[in-house]
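The block underneath contains the structure these notes are about, expressed in structure tokens.
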Amino acid sequence: MPAGRTHDRITLWGLPWVAAFTFIFSHSGNLTLLVSGGFLFGGLMFGPDLDIRSRQFKRWGWLRWIWLPYQKGLRHRSLLSHGPVIGTTLRVVYLSTWLVLLSFLGLNLINSLWQTSWRWLDLVEGVKGSFLGYTQAWLALWAGLEVGAMSHSFSDWGSSICRRKPRI
């Protein structure tokens with residue numbers, strides 16, 4: 001399995017290729033930026049190694065505690081953490097759950113401290129409108145996250161295959 005530094009290099013060296021490929025096929029600077037940003041975030045902070053105390057985990061700084069239940073619930077390099085599509089989707093759902101919980105607490109705190117009338121339903125409608133109005137952008141961001149995570153997983157799998165191969 002490659003070291004964290006190797007995974008970072010793969011991500012950084014792969015970024016120009018991901019950006020070029022995306023721009024050639026989408027002809028959109030906005031979509032290229034979303035895919036590229038997702039790729040960087042997916043490769044450096046949101047990748048499969050969040051299931052252990054890795055560089056990605058440590059980069060979350062004082063927010064790394066949110067990944068502790070994720071680590072306890074998953075075996076390292078399992079299909080749920082390193083698997084194509086399922087791993088990224090699970091991490092997005094997991095992080096979204098935390099964002100919803102923290103938003104709920106924040107909204108209640110703001111309403112009680114400043115006597116505002118913000119409602120949870122208003123927030124839900126805003127997020128729903130964002131997903132419906134910008135579906136292509138959200139899919140581009142998810143694709144970038146997935147490609148960043150898969151660059152990590154493929155390098156792990158390739159390294160494991162090379163180590164198992166008998167040397168002549």
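Note on naming: chains are A, B, ... as they come in the structure tokens, residues start from 1 per chain, ligands start from 1 in the order shown.
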
*asked:* So that I can see what lies close to stretch 33-44 of chain A, please list as a ChimeraX atom specification the residues with an atom at most 9 Å from it, counting only C-alpha atoms and leaving out residues fewer than 2 positions away in the same chain.
replied: /A:7-8,10-12,14-16,18-19,22-23,28-31,46-48,55-56,59,88,137-152

Store the residues picked out above in a file with N, CA, C and O atoms, as a compact mmCIF listing (two decimals), in the first residue's frame.
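Writing the result to out02.txt gives the following:
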```txt
# COMPACT_ATOMS: atom_id res chain seq x y z
N HIS A 7 0.16 8.98 -2.21
CA HIS A 7 -1.22 9.28 -2.60
C HIS A 7 -1.39 10.77 -2.92
O HIS A 7 -2.07 11.14 -3.88
N ASP A 8 -0.77 11.61 -2.11
CA ASP A 8 -0.84 13.06 -2.36
C ASP A 8 -0.21 13.41 -3.71
O ASP A 8 -0.75 14.21 -4.47
N ILE A 10 0.11 11.46 -6.32
CA ILE A 10 -0.77 10.97 -7.38
C ILE A 10 -1.89 11.96 -7.62
O ILE A 10 -2.23 12.28 -8.76
N THR A 11 -2.47 12.47 -6.53
CA THR A 11 -3.55 13.46 -6.66
C THR A 11 -3.06 14.73 -7.35
O THR A 11 -3.69 15.23 -8.29
N LEU A 12 -1.94 15.25 -6.89
CA LEU A 12 -1.44 16.51 -7.45
C LEU A 12 -0.97 16.36 -8.89
O LEU A 12 -1.22 17.25 -9.72
N GLY A 14 -2.13 14.12 -10.93
CA GLY A 14 -3.31 13.78 -11.73
C GLY A 14 -4.23 14.95 -12.00
O GLY A 14 -5.02 14.93 -12.95
N LEU A 15 -4.14 15.99 -11.18
CA LEU A 15 -5.04 17.15 -11.33
C LEU A 15 -5.03 17.77 -12.73
O LEU A 15 -6.11 17.99 -13.29
N PRO A 16 -3.89 18.06 -13.33
CA PRO A 16 -3.93 18.64 -14.68
C PRO A 16 -4.62 17.72 -15.69
O PRO A 16 -5.32 18.21 -16.59
N VAL A 18 -7.00 15.46 -15.04
CA VAL A 18 -8.44 15.47 -14.75
C VAL A 18 -9.06 16.75 -15.29
O VAL A 18 -10.12 16.73 -15.92
N ALA A 19 -8.40 17.89 -15.07
CA ALA A 19 -8.91 19.18 -15.54
C ALA A 19 -8.98 19.20 -17.07
O ALA A 19 -9.99 19.63 -17.65
N THR A 22 -11.75 16.82 -18.34
CA THR A 22 -13.08 17.38 -18.07
C THR A 22 -13.39 18.53 -19.02
O THR A 22 -14.50 18.61 -19.56
N PHE A 23 -12.43 19.42 -19.24
CA PHE A 23 -12.70 20.57 -20.11
C PHE A 23 -12.90 20.14 -21.56
O PHE A 23 -13.76 20.67 -22.26
N SER A 28 -16.80 23.39 -20.47
CA SER A 28 -17.33 24.29 -19.45
C SER A 28 -16.27 24.51 -18.38
O SER A 28 -15.84 23.55 -17.72
N GLY A 29 -15.90 25.76 -18.19
CA GLY A 29 -14.96 26.09 -17.14
C GLY A 29 -15.53 25.83 -15.75
O GLY A 29 -14.81 25.40 -14.85
N ASN A 30 -16.83 26.10 -15.60
CA ASN A 30 -17.46 25.89 -14.29
C ASN A 30 -17.46 24.41 -13.91
O ASN A 30 -17.13 24.06 -12.77
N LEU A 31 -17.86 23.55 -14.83
CA LEU A 31 -17.87 22.11 -14.54
C LEU A 31 -16.45 21.59 -14.33
O LEU A 31 -16.21 20.74 -13.46
N PHE A 46 -10.89 13.70 1.52
CA PHE A 46 -12.18 13.00 1.58
C PHE A 46 -12.08 11.60 0.97
O PHE A 46 -13.05 11.04 0.51
N GLY A 47 -10.90 11.04 1.00
CA GLY A 47 -10.68 9.76 0.36
C GLY A 47 -10.96 8.57 1.24
O GLY A 47 -11.39 8.69 2.39
N PRO A 48 -10.68 7.40 0.72
CA PRO A 48 -10.98 6.15 1.39
C PRO A 48 -10.26 5.94 2.73
O PRO A 48 -10.75 5.21 3.58
N ARG A 55 -3.26 10.52 6.90
CA ARG A 55 -3.04 11.94 6.57
C ARG A 55 -4.37 12.64 6.30
O ARG A 55 -4.57 13.77 6.70
N GLN A 56 -5.25 11.96 5.56
CA GLN A 56 -6.55 12.56 5.25
C GLN A 56 -7.31 12.85 6.53
O GLN A 56 -7.90 13.93 6.69
N ARG A 59 -5.85 15.84 8.39
CA ARG A 59 -6.08 17.14 7.73
C ARG A 59 -7.40 17.80 8.14
O ARG A 59 -7.60 18.98 7.91
N THR A 88 -17.44 6.51 -1.94
CA THR A 88 -17.65 7.96 -2.00
C THR A 88 -19.07 8.32 -1.59
O THR A 88 -19.29 9.27 -0.84
N ALA A 137 -24.14 20.51 -11.73
CA ALA A 137 -23.01 20.96 -10.92
C ALA A 137 -22.77 19.99 -9.76
O ALA A 137 -21.62 19.65 -9.46
N TRP A 138 -23.83 19.55 -9.09
CA TRP A 138 -23.67 18.60 -7.99
C TRP A 138 -23.11 17.28 -8.50
O TRP A 138 -22.27 16.67 -7.83
N LEU A 139 -23.55 16.83 -9.65
CA LEU A 139 -23.01 15.59 -10.22
C LEU A 139 -21.54 15.74 -10.60
O LEU A 139 -20.75 14.80 -10.43
N ALA A 140 -21.17 16.90 -11.11
CA ALA A 140 -19.76 17.15 -11.44
C ALA A 140 -18.90 17.12 -10.18
O ALA A 140 -17.81 16.53 -10.18
N LEU A 141 -19.39 17.73 -9.12
CA LEU A 141 -18.65 17.71 -7.85
C LEU A 141 -18.51 16.27 -7.34
O LEU A 141 -17.43 15.85 -6.93
N TRP A 142 -19.59 15.51 -7.38
CA TRP A 142 -19.53 14.11 -6.93
C TRP A 142 -18.57 13.31 -7.81
O TRP A 142 -17.80 12.49 -7.29
N ALA A 143 -18.59 13.54 -9.12
CA ALA A 143 -17.68 12.82 -10.02
C ALA A 143 -16.23 13.14 -9.67
O ALA A 143 -15.37 12.25 -9.66
N GLY A 144 -15.94 14.38 -9.35
CA GLY A 144 -14.58 14.75 -8.94
C GLY A 144 -14.18 14.05 -7.64
O GLY A 144 -13.06 13.55 -7.52
N LEU A 145 -15.10 14.01 -6.68
CA LEU A 145 -14.83 13.30 -5.43
C LEU A 145 -14.54 11.82 -5.70
O LEU A 145 -13.62 11.23 -5.14
N GLU A 146 -15.34 11.23 -6.58
CA GLU A 146 -15.18 9.81 -6.91
C GLU A 146 -13.86 9.54 -7.61
O GLU A 146 -13.15 8.59 -7.28
N VAL A 147 -13.49 10.37 -8.58
CA VAL A 147 -12.22 10.16 -9.29
C VAL A 147 -11.04 10.34 -8.33
O VAL A 147 -10.07 9.57 -8.38
N GLY A 148 -11.13 11.31 -7.42
CA GLY A 148 -10.07 11.48 -6.42
C GLY A 148 -9.95 10.27 -5.51
O GLY A 148 -8.84 9.81 -5.21
N ALA A 149 -11.08 9.74 -5.08
CA ALA A 149 -11.06 8.55 -4.23
C ALA A 149 -10.57 7.33 -5.00
O ALA A 149 -9.81 6.51 -4.47
N MET A 150 -10.98 7.20 -6.24
CA MET A 150 -10.57 6.03 -7.02
C MET A 150 -9.08 6.08 -7.38
O MET A 150 -8.45 5.03 -7.48
N SER A 151 -8.52 7.27 -7.52
CA SER A 151 -7.06 7.33 -7.76
C SER A 151 -6.34 6.74 -6.55
O SER A 151 -5.33 6.07 -6.69
N HIS A 152 -6.88 6.96 -5.39
CA HIS A 152 -6.32 6.40 -4.16
C HIS A 152 -6.50 4.87 -4.13
O HIS A 152 -5.54 4.13 -3.91
```

Residues within 12 Å of stretch 95-100 of chain A, only C-alpha atoms, excluding chain neighbours under 5 positions, as an MDAnalysis selection string: chainID A and resid 46 50 63:70 88:90 105:107 120 123:124 127

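Interatomic distance, atom CA of A:Leu132 against atom CA of A:Asn108: 26.1 Å.
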
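Atom CA of A:Ile52 sits 10.8 Å away from atom CA of A:Gly73.
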